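Structure, as structure tokens:
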Amino acid sequence: MRQKTSLRSSLLLVLTALIWGIAFVAQSEGMNYVEPFTFNGCRFVIGGVVLIPVILLLRKVNGDVRRRDDRRRVRTAVAGGICCGLCLCVASCLQQFGIAQTTVGKAGFITALYIVIVPIFEIFLGKRIGKTVWISVAIAALGMYLLCVQEGFSVGCGDLLVFLCAIAFSFHILVIDYFSPRADGLIISCVQFLTAGMIAWILTLLFESPSMETIIAAAIPILYAGVMSCGVAYTLQVVAQKNVDPTIASLLMSLESVFSLLAGWVILGQRLSGRELGGCVLVFAAIILAQIPVGKCGDR
């Protein structure tokens with residue numbers, strides 16, 4: 001039974017990666033109409049609102065929650081959602097600014113570096129990090145050089161912003177890993193979107209000049225990013241990650257980099273040079289290597 005649950009959760013994480021990969025296209029296209037904070041403010045609020053009736057329906061089906069431990073889980077879910085929302089807003093805003101200045105495929109692969117960054121952060125949590133992770137870091141660094149560094153050893157601003165986004169997403173994954181086993185995943189997801197949306201809208205009013213006309217013009221990308229990428233995919237991540245080992249979960253979610261490259265090529269006609277494709281191959285190899293357990297007791 002546990003094996004079937006794990007397999008189902010793994011398939012849900014692959015679906016999550018597919019939705020996220022295509023979302024890079026929506027984010028790129030949305031920038032043709034609205035500015036980054038406006039786009040994120042709209043999609044996060046939509047993602048949170050979409051989940052409210054789902055939560056109410058499930059609570060009605062399951063009956064009123066009155067037990068003290070259940071109420072404690074709700075409070076934990078709200079606290080976790082706020083923490084996740086802060087991380088998500090920072091990561092997504094960096095990503096949105098970066099996507100406007102780089103290609104969808106490159107953004108997908110750079111973002112996926114969180115798979116290598118997470119184990120490094122785990123050092124500070126007292127976990128042992130083996131040789132394979134450090135080898136992965138070296139391979140990823142070479143891949144990033146081929147993917148991002150231009151002539152004259154300059155790094156594109158968009159690539160740098162997306163790399164900072166990968167660091168922020170690493171914190172997001174660790175926060176989810178802490179809260180998801182302790183609380184209701186749907187509530188965590190809903191609260192994180194509403195939190196991120198509120199922060200994004202504050203930044204929008206401070207730094208941008210949104211209009212209803214431009215928002216309507218960007219309706220399709222915003223709706224996809226809000227309903228599918230936020231409401232569906234991030235919720236699948238929170239729910240499915242409870243039943244999958246964090247290492248395997250990270251590996252499955254890293255497939256978004258492959259899906260983003262394919263989506264950018266098929267939908268937008270974006271192509272990478274041979275050098276950039278070589279960088280993608282090295283980054284993906286580093287991602288895979290970082291997730292392969294070696295030895296016993298979790299040593300890697």
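Following the order of the structure tokens, chains are lettered A, B, ..., residues in each are numbered from 1, and ligands are numbered from 1.
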
Among range 106-247 of chain A, which residues does DSSP mark as helix (DSSP H, G or I) when it is run on the backbone? Keep the chain and numbering as in the structure and answer as a ChimeraX atom specification.
/A:106-111,114-125,131-148,157-182,185-207,212-217,219-243,246-247

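The strand (DSSP E) portion of range 56-258 of chain A consists of Val149, Gln150, Ser154 and Val155 of chain A, with states taken from DSSP on the backbone.
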
Excluding same-chain residues fewer than 4 positions from range 208-210 of chain A, what lies within 8 Å of it counting only C-alpha atoms, as a PDB file with N, CA and C atoms, in the first residue's frame?
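out_23.pdb, written as the output of this step:
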ATOM      1  N   VAL A  34       2.252  42.947 -18.965  1.00  0.00           N
ATOM      2  CA  VAL A  34       2.282  43.527 -17.620  1.00  0.00           C
ATOM      3  C   VAL A  34       3.684  43.415 -17.039  1.00  0.00           C
ATOM      4  N   GLU A  35       3.920  44.165 -15.966  1.00  0.00           N
ATOM      5  CA  GLU A  35       5.212  44.140 -15.295  1.00  0.00           C
ATOM      6  C   GLU A  35       5.264  43.001 -14.276  1.00  0.00           C
ATOM      7  N   PHE A  37       5.798  42.457 -10.902  1.00  0.00           N
ATOM      8  CA  PHE A  37       5.038  42.409  -9.656  1.00  0.00           C
ATOM      9  C   PHE A  37       3.545  42.273  -9.928  1.00  0.00           C
ATOM     10  N   THR A  38       3.077  42.950 -10.982  1.00  0.00           N
ATOM     11  CA  THR A  38       1.656  42.855 -11.337  1.00  0.00           C
ATOM     12  C   THR A  38       1.295  41.426 -11.728  1.00  0.00           C
ATOM     13  N   LEU A 203       4.072  45.650  -3.588  1.00  0.00           N
ATOM     14  CA  LEU A 203       5.204  46.061  -4.434  1.00  0.00           C
ATOM     15  C   LEU A 203       4.712  46.647  -5.757  1.00  0.00           C
ATOM     16  N   THR A 204       3.609  46.094  -6.282  1.00  0.00           N
ATOM     17  CA  THR A 204       3.032  46.617  -7.524  1.00  0.00           C
ATOM     18  C   THR A 204       2.599  48.072  -7.351  1.00  0.00           C
ATOM     19  N   THR A 214      -4.174  46.194 -19.533  1.00  0.00           N
ATOM     20  CA  THR A 214      -3.003  45.324 -19.707  1.00  0.00           C
ATOM     21  C   THR A 214      -3.204  43.985 -19.010  1.00  0.00           C
ATOM     22  N   ILE A 215      -3.875  44.000 -17.852  1.00  0.00           N
ATOM     23  CA  ILE A 215      -4.129  42.751 -17.137  1.00  0.00           C
ATOM     24  C   ILE A 215      -5.053  41.849 -17.951  1.00  0.00           C
TER      25      ILE A 215
END

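For the choices A:Ile120, A:Ala200, A:Ala249, A:Ser229, the atom-to-atom distance to Ile135 in chain A is smallest for A:Ile120 when using only C-alpha atoms.
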
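For the set A:Leu11, A:Ala168, A:Ile52, A:Ile199, the residue with the smallest atom-to-atom gap to Gln237 in chain A is A:Leu11, counting only C-alpha atoms.
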
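Minimum atom-to-atom distances from A:Gly108, A:Gly156, A:Gly226, A:Gly279 to Phe39 in chain A were compared using only C-alpha atoms, and the lowest value belongs to A:Gly226.
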